[in-house]
Amino acid sequence: KLPVEPNKIFEVHDTKVHALKNVSFNVDKGEVLSVLGASGSGKSTLLRLIAGLEDADEGTIHVGGAKITGPRDHLVPGYDNINMVFQDFQLSKNLTVCENIKHILRDYQDEYARERVENVMGMCRLEEKSECYPRELSGGQQQRVGIAMALANEPEVILLDEPFSNLDYQLKTKLRSDLQDIVKKSGVTAIFVSHDPQDALTIADRIIVLQSGSVVQIDTPEKLYQNPSSEYIARFLGPVNVVDTQQGKEELVRPENLIIHPDGEYEGKVIRCYFYGSFYLVEIKSRLSAQPMVIYSQHSIRKGNTVRFFISNK
């Protein structure tokens with residue numbers, strides 16, 4: 001067992017289970033950590049291990065210095081200081097918003113329960129929906145109720161399983177902002193899993209990338225995006241070009257670092273041009289890469305045209 005540093009609320013050390021291999025990381029108190037990976041990479045398994053809902057074959061998990069164990073050691077798995085927000089929100093359809101939150105606090109003193117319900121409803125901006133039933137709420141509002149329920153008993157850690165997966169683009173963008181505000185106001189440590197890199201890049205303080213059950217990189221969103229440790233990570237986070245440098249080495253270059261200019265040092269022939277709303281995504285064939293390259297443009301460029309470009313510094 002490794003000692004938990006004073007500012008580390010959370011520690012996973014050499015944890016193994018059927019879907020994970022030697023996973024190790026620390027989480028700071030109040031940090032928002034995203035676990036990012038493709039389907040089958042072990043994201044949800046890791047979340048269940050942290051929640052104490054599944055047993056690890058090897059390794060240790062500590063929260064606030066206390067060891068977390070699974071169903072083998074507990075008749076009723078789980079911990080009061082670790083709460084989970086599931087994809088389906090798990091709201092009782094016959095209870096109002098207020099009653100759903102109160103139900104979480106049914107074993108607490110009435111005064112404390114009333115204060116906490118009022119507090120989390122205000123934090124999650126649900127005061128005007130307190131007497132509504134789940135069927136009367138939008139998907140985003142139901143998600144906020146789920147988060148309020150998870151925060152009700154003042155846990156140390158909340159875990160969110162694909163919190164934005166069932167939402168449309170506009171609602172997802174709004175809820176990302178809402179979740180970040182709510183978590184920071186509450187001071188809770190939050191860990192959420194996602195397969196969508198935009199979720200992680202937008203609101204996480206740090207991101208863990210899982211590949212086939214192993215941690216392949218942990219870093220801040222900016223560093224992970226600009227300095228990925230592998231082509232797999234680079235492509236998982238967004239479009240990237242594999243460029244052959246003059247030294248004979250391959251370099252990963254984002255499309256936004258290719259600047260179209262008539263005096264550009266390099267050139268390529270346009271293969272395709274796609275309209276993406278605020279910009280055009282242009283595929284070009286260039287001697288810089290064995291594969292078609294992607295470059296962004298503010299204007300449509302006809303297939304077959306030649307474009308010149310610079311490679312800017314990151």
# chains A, B, ... in the order shown; residues from 1 in each chain; ligands from 1
call {"tool": "select_by_dssp", "arguments": {"residues": "stretch 37-157 of chain A", "states": "strand (DSSP E)", "output": "ChimeraX atom specification"}}
result
/A:37,58-63,66-67,82-85,157
call {"tool": "write_last_selection", "arguments": {"atoms": "N, CA, C and O atoms", "output": "compact mmCIF listing (two decimals), in the first residue's frame"}}
result
# COMPACT_ATOMS: atom_id res chain seq x y z
N GLY A 37 -12.07 6.56 -23.14
CA GLY A 37 -11.64 5.36 -23.86
C GLY A 37 -12.74 4.84 -24.76
O GLY A 37 -13.91 5.20 -24.62
N GLU A 58 -6.55 -7.94 -8.02
CA GLU A 58 -5.31 -7.52 -7.35
C GLU A 58 -5.35 -6.01 -7.17
O GLU A 58 -6.17 -5.31 -7.76
N GLY A 59 -4.42 -5.49 -6.34
CA GLY A 59 -4.28 -4.05 -6.17
C GLY A 59 -5.17 -3.50 -5.08
O GLY A 59 -5.93 -4.22 -4.42
N THR A 60 -5.06 -2.19 -4.86
CA THR A 60 -5.82 -1.51 -3.81
C THR A 60 -6.41 -0.22 -4.31
O THR A 60 -5.88 0.43 -5.21
N ILE A 61 -7.54 0.16 -3.72
CA ILE A 61 -8.19 1.44 -3.99
C ILE A 61 -8.46 2.09 -2.64
O ILE A 61 -9.01 1.45 -1.73
N HIS A 62 -8.06 3.35 -2.48
CA HIS A 62 -8.29 4.09 -1.24
C HIS A 62 -9.00 5.41 -1.54
O HIS A 62 -8.67 6.09 -2.50
N VAL A 63 -9.95 5.75 -0.72
CA VAL A 63 -10.60 7.06 -0.77
C VAL A 63 -10.47 7.68 0.61
O VAL A 63 -10.92 7.11 1.60
N ALA A 66 -9.14 5.44 3.33
CA ALA A 66 -9.86 4.20 3.65
C ALA A 66 -9.86 3.27 2.44
O ALA A 66 -10.10 3.69 1.31
N LYS A 67 -9.58 1.99 2.69
CA LYS A 67 -9.53 1.01 1.61
C LYS A 67 -10.94 0.69 1.11
O LYS A 67 -11.87 0.50 1.89
N ILE A 82 -19.28 7.65 -1.39
CA ILE A 82 -19.04 7.53 -2.83
C ILE A 82 -20.39 7.30 -3.51
O ILE A 82 -21.01 6.25 -3.31
N ASN A 83 -20.84 8.25 -4.28
CA ASN A 83 -22.14 8.14 -4.93
C ASN A 83 -21.98 8.11 -6.44
O ASN A 83 -21.08 8.73 -7.00
N MET A 84 -22.90 7.42 -7.09
CA MET A 84 -22.82 7.21 -8.53
C MET A 84 -24.04 7.79 -9.23
O MET A 84 -25.18 7.67 -8.75
N VAL A 85 -23.81 8.45 -10.37
CA VAL A 85 -24.89 8.94 -11.23
C VAL A 85 -24.90 8.06 -12.46
O VAL A 85 -23.94 8.05 -13.24
N VAL A 157 -16.77 11.70 -3.01
CA VAL A 157 -16.57 11.43 -4.44
C VAL A 157 -17.91 11.14 -5.10
O VAL A 157 -18.74 10.42 -4.54
call {"tool": "residues_around", "arguments": {"residues": "A:Val243", "least_positions_apart": "4", "cutoff": "6 Å", "atoms": "only C-alpha atoms", "output": "ChimeraX atom specification"}}
result
/A:250-251,288-289
call {"tool": "write_last_selection", "arguments": {"atoms": "all heavy atoms", "output": "PDB file, in the first residue's frame"}}
result
ATOM      1  N   GLU A 250       8.588  10.826 -38.094  1.00  0.00           N
ATOM      2  CA  GLU A 250       7.171  11.156 -38.206  1.00  0.00           C
ATOM      3  C   GLU A 250       6.762  12.067 -37.063  1.00  0.00           C
ATOM      4  O   GLU A 250       7.169  11.866 -35.918  1.00  0.00           O
ATOM      5  CB  GLU A 250       6.331   9.881 -38.191  1.00  0.00           C
ATOM      6  CG  GLU A 250       6.472   9.047 -39.450  1.00  0.00           C
ATOM      7  CD  GLU A 250       5.521   7.871 -39.481  1.00  0.00           C
ATOM      8  OE1 GLU A 250       5.017   7.491 -38.390  1.00  0.00           O
ATOM      9  OE2 GLU A 250       5.261   7.337 -40.571  1.00  0.00           O
ATOM     10  N   GLU A 251       5.949  13.054 -37.383  1.00  0.00           N
ATOM     11  CA  GLU A 251       5.470  14.010 -36.388  1.00  0.00           C
ATOM     12  C   GLU A 251       3.959  14.106 -36.493  1.00  0.00           C
ATOM     13  O   GLU A 251       3.393  14.068 -37.592  1.00  0.00           O
ATOM     14  CB  GLU A 251       6.108  15.376 -36.634  1.00  0.00           C
ATOM     15  CG  GLU A 251       5.712  16.437 -35.609  1.00  0.00           C
ATOM     16  CD  GLU A 251       6.379  17.772 -35.879  1.00  0.00           C
ATOM     17  OE1 GLU A 251       7.255  17.837 -36.763  1.00  0.00           O
ATOM     18  OE2 GLU A 251       6.004  18.758 -35.205  1.00  0.00           O
ATOM     19  N   LEU A 288       4.258  15.261 -47.923  1.00  0.00           N
ATOM     20  CA  LEU A 288       4.597  15.243 -46.499  1.00  0.00           C
ATOM     21  C   LEU A 288       4.082  14.002 -45.784  1.00  0.00           C
ATOM     22  O   LEU A 288       4.557  13.662 -44.697  1.00  0.00           O
ATOM     23  CB  LEU A 288       4.027  16.486 -45.801  1.00  0.00           C
ATOM     24  CG  LEU A 288       4.811  17.792 -45.904  1.00  0.00           C
ATOM     25  CD1 LEU A 288       4.061  18.898 -45.200  1.00  0.00           C
ATOM     26  CD2 LEU A 288       6.201  17.630 -45.317  1.00  0.00           C
ATOM     27  N   SER A 289       3.072  13.343 -46.372  1.00  0.00           N
ATOM     28  CA  SER A 289       2.446  12.222 -45.679  1.00  0.00           C
ATOM     29  C   SER A 289       2.012  11.150 -46.664  1.00  0.00           C
ATOM     30  O   SER A 289       1.579  11.461 -47.783  1.00  0.00           O
ATOM     31  CB  SER A 289       1.233  12.702 -44.875  1.00  0.00           C
ATOM     32  OG  SER A 289       0.589  11.614 -44.237  1.00  0.00           O
TER      33      SER A 289
END
call {"tool": "select_by_dssp", "arguments": {"residues": "stretch 13-197 of chain A", "states": "helix (DSSP H, G or I)", "output": "PyMOL selection string"}}
result
chain A and resi 43-51+71-73+97-104+110-123+127-129+134-136+139-151+169-186+197
call {"tool": "closest_residue", "arguments": {"among": "A:Asn153, A:Gln141, A:Ser177, A:Gln198", "to": "A:His103", "atoms": "only C-alpha atoms"}}
result
A:Asn153
call {"tool": "closest_residue", "arguments": {"among": "A:Pro155, A:Lys102, A:Asn94, A:Val117", "to": "A:Val188", "atoms": "only C-alpha atoms"}}
result
A:Pro155
call {"tool": "residues_around", "arguments": {"residues": "A:Gly40", "least_positions_apart": "6", "cutoff": "10 Å", "atoms": "only C-alpha atoms", "output": "JSON, numbers by chain"}}
result
{"A": [19, 210, 211, 212, 213]}
call {"tool": "atom_distance", "arguments": {"atom1": "atom CA of A:Asp205", "atom2": "atom CA of A:Asp219"}}
result
8.5 Å
call {"tool": "residues_around", "arguments": {"residues": "A:Leu151", "least_positions_apart": "3", "cutoff": "8 Å", "atoms": "only C-alpha atoms", "output": "PDB file with all heavy atoms, in the first residue's frame"}}
result
ATOM      1  N   ASN A  83     -20.843   8.255  -4.279  1.00  0.00           N
ATOM      2  CA  ASN A  83     -22.142   8.138  -4.934  1.00  0.00           C
ATOM      3  C   ASN A  83     -21.983   8.113  -6.445  1.00  0.00           C
ATOM      4  O   ASN A  83     -21.076   8.725  -7.000  1.00  0.00           O
ATOM      5  CB  ASN A  83     -23.059   9.287  -4.531  1.00  0.00           C
ATOM      6  CG  ASN A  83     -23.512   9.168  -3.084  1.00  0.00           C
ATOM      7  OD1 ASN A  83     -23.510   8.076  -2.506  1.00  0.00           O
ATOM      8  ND2 ASN A  83     -23.906  10.286  -2.491  1.00  0.00           N
ATOM      9  N   VAL A 120     -28.901  21.558  -2.302  1.00  0.00           N
ATOM     10  CA  VAL A 120     -28.554  20.938  -3.590  1.00  0.00           C
ATOM     11  C   VAL A 120     -29.528  21.337  -4.688  1.00  0.00           C
ATOM     12  O   VAL A 120     -29.136  21.430  -5.860  1.00  0.00           O
ATOM     13  CB  VAL A 120     -28.449  19.400  -3.481  1.00  0.00           C
ATOM     14  CG1 VAL A 120     -27.319  19.001  -2.553  1.00  0.00           C
ATOM     15  CG2 VAL A 120     -29.765  18.757  -3.077  1.00  0.00           C
ATOM     16  N   ILE A 147     -27.774  14.344 -10.364  1.00  0.00           N
ATOM     17  CA  ILE A 147     -26.569  14.906  -9.740  1.00  0.00           C
ATOM     18  C   ILE A 147     -26.899  15.425  -8.342  1.00  0.00           C
ATOM     19  O   ILE A 147     -26.125  15.235  -7.398  1.00  0.00           O
ATOM     20  CB  ILE A 147     -25.983  16.029 -10.624  1.00  0.00           C
ATOM     21  CG1 ILE A 147     -25.485  15.439 -11.954  1.00  0.00           C
ATOM     22  CG2 ILE A 147     -24.837  16.737  -9.905  1.00  0.00           C
ATOM     23  CD1 ILE A 147     -25.124  16.477 -12.988  1.00  0.00           C
ATOM     24  N   ALA A 148     -28.051  16.095  -8.199  1.00  0.00           N
ATOM     25  CA  ALA A 148     -28.473  16.602  -6.888  1.00  0.00           C
ATOM     26  C   ALA A 148     -28.629  15.450  -5.895  1.00  0.00           C
ATOM     27  O   ALA A 148     -28.231  15.557  -4.722  1.00  0.00           O
ATOM     28  CB  ALA A 148     -29.789  17.367  -7.020  1.00  0.00           C
ATOM     29  N   GLU A 154     -23.589  14.788   0.961  1.00  0.00           N
ATOM     30  CA  GLU A 154     -22.242  15.361   1.041  1.00  0.00           C
ATOM     31  C   GLU A 154     -21.143  14.297   0.921  1.00  0.00           C
ATOM     32  O   GLU A 154     -20.305  14.134   1.813  1.00  0.00           O
ATOM     33  CB  GLU A 154     -22.063  16.150   2.344  1.00  0.00           C
ATOM     34  CG  GLU A 154     -23.022  17.323   2.485  1.00  0.00           C
ATOM     35  CD  GLU A 154     -22.756  18.158   3.718  1.00  0.00           C
ATOM     36  OE1 GLU A 154     -23.307  17.789   4.785  1.00  0.00           O
ATOM     37  OE2 GLU A 154     -22.016  19.140   3.634  1.00  0.00           O
ATOM     38  N   PRO A 155     -21.129  13.572  -0.195  1.00  0.00           N
ATOM     39  CA  PRO A 155     -20.109  12.540  -0.381  1.00  0.00           C
ATOM     40  C   PRO A 155     -18.736  13.162  -0.655  1.00  0.00           C
ATOM     41  O   PRO A 155     -18.633  14.346  -0.995  1.00  0.00           O
ATOM     42  CB  PRO A 155     -20.608  11.780  -1.613  1.00  0.00           C
ATOM     43  CG  PRO A 155     -21.321  12.834  -2.411  1.00  0.00           C
ATOM     44  CD  PRO A 155     -22.009  13.696  -1.382  1.00  0.00           C
ATOM     45  N   ILE A 158     -18.119  11.718  -6.303  1.00  0.00           N
ATOM     46  CA  ILE A 158     -19.246  11.288  -7.129  1.00  0.00           C
ATOM     47  C   ILE A 158     -18.689  10.720  -8.431  1.00  0.00           C
ATOM     48  O   ILE A 158     -17.686  11.199  -8.963  1.00  0.00           O
ATOM     49  CB  ILE A 158     -20.286  12.400  -7.416  1.00  0.00           C
ATOM     50  CG1 ILE A 158     -19.676  13.554  -8.208  1.00  0.00           C
ATOM     51  CG2 ILE A 158     -20.938  12.874  -6.147  1.00  0.00           C
ATOM     52  CD1 ILE A 158     -20.738  14.511  -8.745  1.00  0.00           C
ATOM     53  N   SER A 186     -19.742  22.618  -5.171  1.00  0.00           N
ATOM     54  CA  SER A 186     -19.914  21.644  -4.087  1.00  0.00           C
ATOM     55  C   SER A 186     -18.586  21.259  -3.446  1.00  0.00           C
ATOM     56  O   SER A 186     -18.552  20.812  -2.302  1.00  0.00           O
ATOM     57  CB  SER A 186     -20.608  20.383  -4.613  1.00  0.00           C
ATOM     58  OG  SER A 186     -19.755  19.673  -5.495  1.00  0.00           O
TER      59      SER A 186
END
call {"tool": "closest_atom_pairs", "arguments": {"of": "stretch 162-200 of chain A", "to": "stretch 41-51 of chain A", "cutoff": "9 Å", "atoms": "only C-alpha atoms", "output": "CSV"}}
result
residue,atom,partner,partner_atom,distance
A:Glu162,CA,A:Ser44,CA,8.8
A:Ile191,CA,A:Leu47,CA,8.1
A:Phe192,CA,A:Leu47,CA,8.1
A:Val193,CA,A:Lys43,CA,6.1
A:Ser194,CA,A:Lys43,CA,7.8
A:His195,CA,A:Lys43,CA,8.8
call {"tool": "write_last_selection", "arguments": {"atoms": "all heavy atoms", "output": "PDB file, in the first residue's frame"}}
result
ATOM      1  N   GLU A 162     -20.987   7.938 -18.232  1.00  0.00           N
ATOM      2  CA  GLU A 162     -21.451   8.500 -19.502  1.00  0.00           C
ATOM      3  C   GLU A 162     -22.581   9.514 -19.267  1.00  0.00           C
ATOM      4  O   GLU A 162     -23.698   9.342 -19.770  1.00  0.00           O
ATOM      5  CB  GLU A 162     -21.944   7.380 -20.428  1.00  0.00           C
ATOM      6  CG  GLU A 162     -20.897   6.352 -20.794  1.00  0.00           C
ATOM      7  CD  GLU A 162     -19.982   6.787 -21.938  1.00  0.00           C
ATOM      8  OE1 GLU A 162     -20.121   7.930 -22.408  1.00  0.00           O
ATOM      9  OE2 GLU A 162     -19.127   5.996 -22.337  1.00  0.00           O
ATOM     10  N   ILE A 191     -15.430  11.978 -10.803  1.00  0.00           N
ATOM     11  CA  ILE A 191     -14.801  11.146 -11.817  1.00  0.00           C
ATOM     12  C   ILE A 191     -15.894  10.718 -12.782  1.00  0.00           C
ATOM     13  O   ILE A 191     -16.912  10.154 -12.372  1.00  0.00           O
ATOM     14  CB  ILE A 191     -14.134   9.907 -11.204  1.00  0.00           C
ATOM     15  CG1 ILE A 191     -13.079  10.327 -10.176  1.00  0.00           C
ATOM     16  CG2 ILE A 191     -13.494   9.042 -12.290  1.00  0.00           C
ATOM     17  CD1 ILE A 191     -12.475   9.176  -9.401  1.00  0.00           C
ATOM     18  N   PHE A 192     -15.711  11.028 -14.063  1.00  0.00           N
ATOM     19  CA  PHE A 192     -16.726  10.607 -15.022  1.00  0.00           C
ATOM     20  C   PHE A 192     -16.077   9.896 -16.200  1.00  0.00           C
ATOM     21  O   PHE A 192     -14.964  10.206 -16.608  1.00  0.00           O
ATOM     22  CB  PHE A 192     -17.593  11.787 -15.490  1.00  0.00           C
ATOM     23  CG  PHE A 192     -16.928  12.759 -16.432  1.00  0.00           C
ATOM     24  CD1 PHE A 192     -17.041  12.623 -17.808  1.00  0.00           C
ATOM     25  CD2 PHE A 192     -16.209  13.831 -15.935  1.00  0.00           C
ATOM     26  CE1 PHE A 192     -16.445  13.528 -18.667  1.00  0.00           C
ATOM     27  CE2 PHE A 192     -15.614  14.752 -16.781  1.00  0.00           C
ATOM     28  CZ  PHE A 192     -15.727  14.597 -18.169  1.00  0.00           C
ATOM     29  N   VAL A 193     -16.782   8.895 -16.708  1.00  0.00           N
ATOM     30  CA  VAL A 193     -16.291   8.152 -17.860  1.00  0.00           C
ATOM     31  C   VAL A 193     -17.041   8.603 -19.099  1.00  0.00           C
ATOM     32  O   VAL A 193     -18.212   8.993 -19.036  1.00  0.00           O
ATOM     33  CB  VAL A 193     -16.439   6.622 -17.677  1.00  0.00           C
ATOM     34  CG1 VAL A 193     -15.716   6.155 -16.431  1.00  0.00           C
ATOM     35  CG2 VAL A 193     -17.904   6.202 -17.629  1.00  0.00           C
ATOM     36  N   SER A 194     -16.355   8.564 -20.224  1.00  0.00           N
ATOM     37  CA  SER A 194     -16.961   8.977 -21.483  1.00  0.00           C
ATOM     38  C   SER A 194     -16.203   8.349 -22.642  1.00  0.00           C
ATOM     39  O   SER A 194     -15.024   8.020 -22.529  1.00  0.00           O
ATOM     40  CB  SER A 194     -16.935  10.504 -21.616  1.00  0.00           C
ATOM     41  OG  SER A 194     -17.517  10.914 -22.846  1.00  0.00           O
ATOM     42  N   HIS A 195     -16.894   8.177 -23.748  1.00  0.00           N
ATOM     43  CA  HIS A 195     -16.236   7.763 -24.985  1.00  0.00           C
ATOM     44  C   HIS A 195     -16.067   8.956 -25.918  1.00  0.00           C
ATOM     45  O   HIS A 195     -15.464   8.842 -26.975  1.00  0.00           O
ATOM     46  CB  HIS A 195     -17.064   6.675 -25.693  1.00  0.00           C
ATOM     47  CG  HIS A 195     -18.396   7.180 -26.172  1.00  0.00           C
ATOM     48  ND1 HIS A 195     -19.500   7.277 -25.349  1.00  0.00           N
ATOM     49  CD2 HIS A 195     -18.786   7.652 -27.383  1.00  0.00           C
ATOM     50  CE1 HIS A 195     -20.518   7.775 -26.038  1.00  0.00           C
ATOM     51  NE2 HIS A 195     -20.114   8.012 -27.262  1.00  0.00           N
TER      52      HIS A 195
END
call {"tool": "residues_around", "arguments": {"residues": "A:Ile301", "least_positions_apart": "5", "cutoff": "9 Å", "atoms": "only C-alpha atoms", "output": "list of chain:residue names"}}
result
A:Val270, A:Arg272, A:Cys273, A:Tyr280, A:Val282, A:Val307
call {"tool": "closest_residue", "arguments": {"among": "A:Val215, A:Asp55, A:Ser165, A:Val242", "to": "A:Asn22", "atoms": "only C-alpha atoms"}}
result
A:Val215
call {"tool": "closest_residue", "arguments": {"among": "A:Asp73, A:Phe310, A:Gly268, A:Leu36", "to": "A:Ile218", "atoms": "only C-alpha atoms"}}
result
A:Leu36
call {"tool": "residues_around", "arguments": {"residues": "A:Glu127", "least_positions_apart": "5", "cutoff": "10 Å", "atoms": "only C-alpha atoms", "output": "PyMOL selection string"}}
result
chain A and resi 97-98+117-122
call {"tool": "atom_distance", "arguments": {"atom1": "atom CA of A:Ser300", "atom2": "atom CA of A:Val253"}}
result
21.7 Å
call {"tool": "residues_around", "arguments": {"residues": "A:Ile284", "least_positions_apart": "4", "cutoff": "12 Å", "atoms": "only C-alpha atoms", "output": "MDAnalysis selection string"}}
result
chainID A and resid 241 255 258 260 266:274 288:297 301:309
call {"tool": "decode", "arguments": {"residues": "stretch 252-262 of chain A", "atoms": "all heavy atoms", "output": "short mmCIF file (atom, residue, chain, number, x, y, z; two decimals), in the first residue's frame"}}
result
data_model
loop_
_atom_site.label_atom_id
_atom_site.label_comp_id
_atom_site.auth_asym_id
_atom_site.auth_seq_id
_atom_site.Cartn_x
_atom_site.Cartn_y
_atom_site.Cartn_z
N LEU A 252 3.28 14.21 -35.34
CA LEU A 252 1.83 14.37 -35.32
C LEU A 252 1.48 15.85 -35.34
O LEU A 252 1.93 16.61 -34.48
CB LEU A 252 1.25 13.71 -34.06
CG LEU A 252 1.54 12.21 -33.91
CD1 LEU A 252 1.04 11.71 -32.55
CD2 LEU A 252 0.90 11.41 -35.04
N VAL A 253 0.69 16.26 -36.34
CA VAL A 253 0.35 17.68 -36.51
C VAL A 253 -1.16 17.81 -36.63
O VAL A 253 -1.79 17.18 -37.50
CB VAL A 253 1.03 18.28 -37.75
CG1 VAL A 253 0.68 19.76 -37.89
CG2 VAL A 253 2.54 18.11 -37.68
N ARG A 254 -1.76 18.64 -35.77
CA ARG A 254 -3.20 18.90 -35.84
C ARG A 254 -3.53 19.76 -37.06
O ARG A 254 -2.72 20.58 -37.49
CB ARG A 254 -3.66 19.62 -34.57
CG ARG A 254 -3.50 18.81 -33.29
CD ARG A 254 -4.52 17.72 -33.18
NE ARG A 254 -4.40 16.98 -31.92
CZ ARG A 254 -5.02 15.83 -31.70
NH1 ARG A 254 -5.78 15.30 -32.63
NH2 ARG A 254 -4.87 15.22 -30.54
N PRO A 255 -4.74 19.59 -37.63
CA PRO A 255 -5.13 20.39 -38.79
C PRO A 255 -5.05 21.90 -38.55
O PRO A 255 -4.71 22.66 -39.46
CB PRO A 255 -6.58 19.96 -39.05
CG PRO A 255 -6.67 18.59 -38.48
CD PRO A 255 -5.77 18.59 -37.27
N GLU A 256 -5.34 22.33 -37.32
CA GLU A 256 -5.31 23.77 -37.02
C GLU A 256 -3.89 24.33 -37.02
O GLU A 256 -3.70 25.55 -37.01
CB GLU A 256 -5.99 24.07 -35.69
CG GLU A 256 -5.43 23.35 -34.49
CD GLU A 256 -6.11 22.05 -34.17
OE1 GLU A 256 -6.62 21.39 -35.12
OE2 GLU A 256 -6.16 21.69 -32.98
N ASN A 257 -2.88 23.44 -37.01
CA ASN A 257 -1.50 23.89 -37.08
C ASN A 257 -0.96 23.93 -38.51
O ASN A 257 0.22 24.23 -38.72
CB ASN A 257 -0.60 22.99 -36.21
CG ASN A 257 -0.93 23.08 -34.74
OD1 ASN A 257 -1.30 22.10 -34.11
ND2 ASN A 257 -0.82 24.27 -34.17
N LEU A 258 -1.83 23.64 -39.46
CA LEU A 258 -1.49 23.80 -40.87
C LEU A 258 -2.18 25.07 -41.37
O LEU A 258 -3.41 25.15 -41.40
CB LEU A 258 -1.95 22.59 -41.69
CG LEU A 258 -1.39 21.22 -41.26
CD1 LEU A 258 -1.98 20.12 -42.13
CD2 LEU A 258 0.12 21.21 -41.32
N ILE A 259 -1.40 26.07 -41.75
CA ILE A 259 -1.93 27.39 -42.10
C ILE A 259 -1.83 27.60 -43.62
O ILE A 259 -0.73 27.66 -44.18
CB ILE A 259 -1.16 28.51 -41.37
CG1 ILE A 259 -1.05 28.21 -39.87
CG2 ILE A 259 -1.82 29.85 -41.64
CD1 ILE A 259 -2.37 28.06 -39.16
N ILE A 260 -2.99 27.70 -44.26
CA ILE A 260 -3.01 27.94 -45.70
C ILE A 260 -2.51 29.36 -45.99
O ILE A 260 -2.98 30.33 -45.39
CB ILE A 260 -4.43 27.76 -46.26
CG1 ILE A 260 -4.87 26.28 -46.11
CG2 ILE A 260 -4.51 28.19 -47.72
CD1 ILE A 260 -6.30 26.02 -46.53
N HIS A 261 -1.54 29.46 -46.92
CA HIS A 261 -0.98 30.76 -47.30
C HIS A 261 -0.34 30.63 -48.69
O HIS A 261 0.31 29.62 -48.98
CB HIS A 261 0.09 31.20 -46.28
CG HIS A 261 0.49 32.62 -46.41
ND1 HIS A 261 1.40 33.05 -47.36
CD2 HIS A 261 0.10 33.73 -45.71
CE1 HIS A 261 1.57 34.35 -47.23
NE2 HIS A 261 0.79 34.78 -46.25
N PRO A 262 -0.53 31.62 -49.54
CA PRO A 262 0.02 31.53 -50.91
C PRO A 262 1.54 31.36 -50.95
O PRO A 262 2.09 30.84 -51.92
CB PRO A 262 -0.42 32.84 -51.57
CG PRO A 262 -0.89 33.72 -50.48
CD PRO A 262 -1.33 32.84 -49.38
#
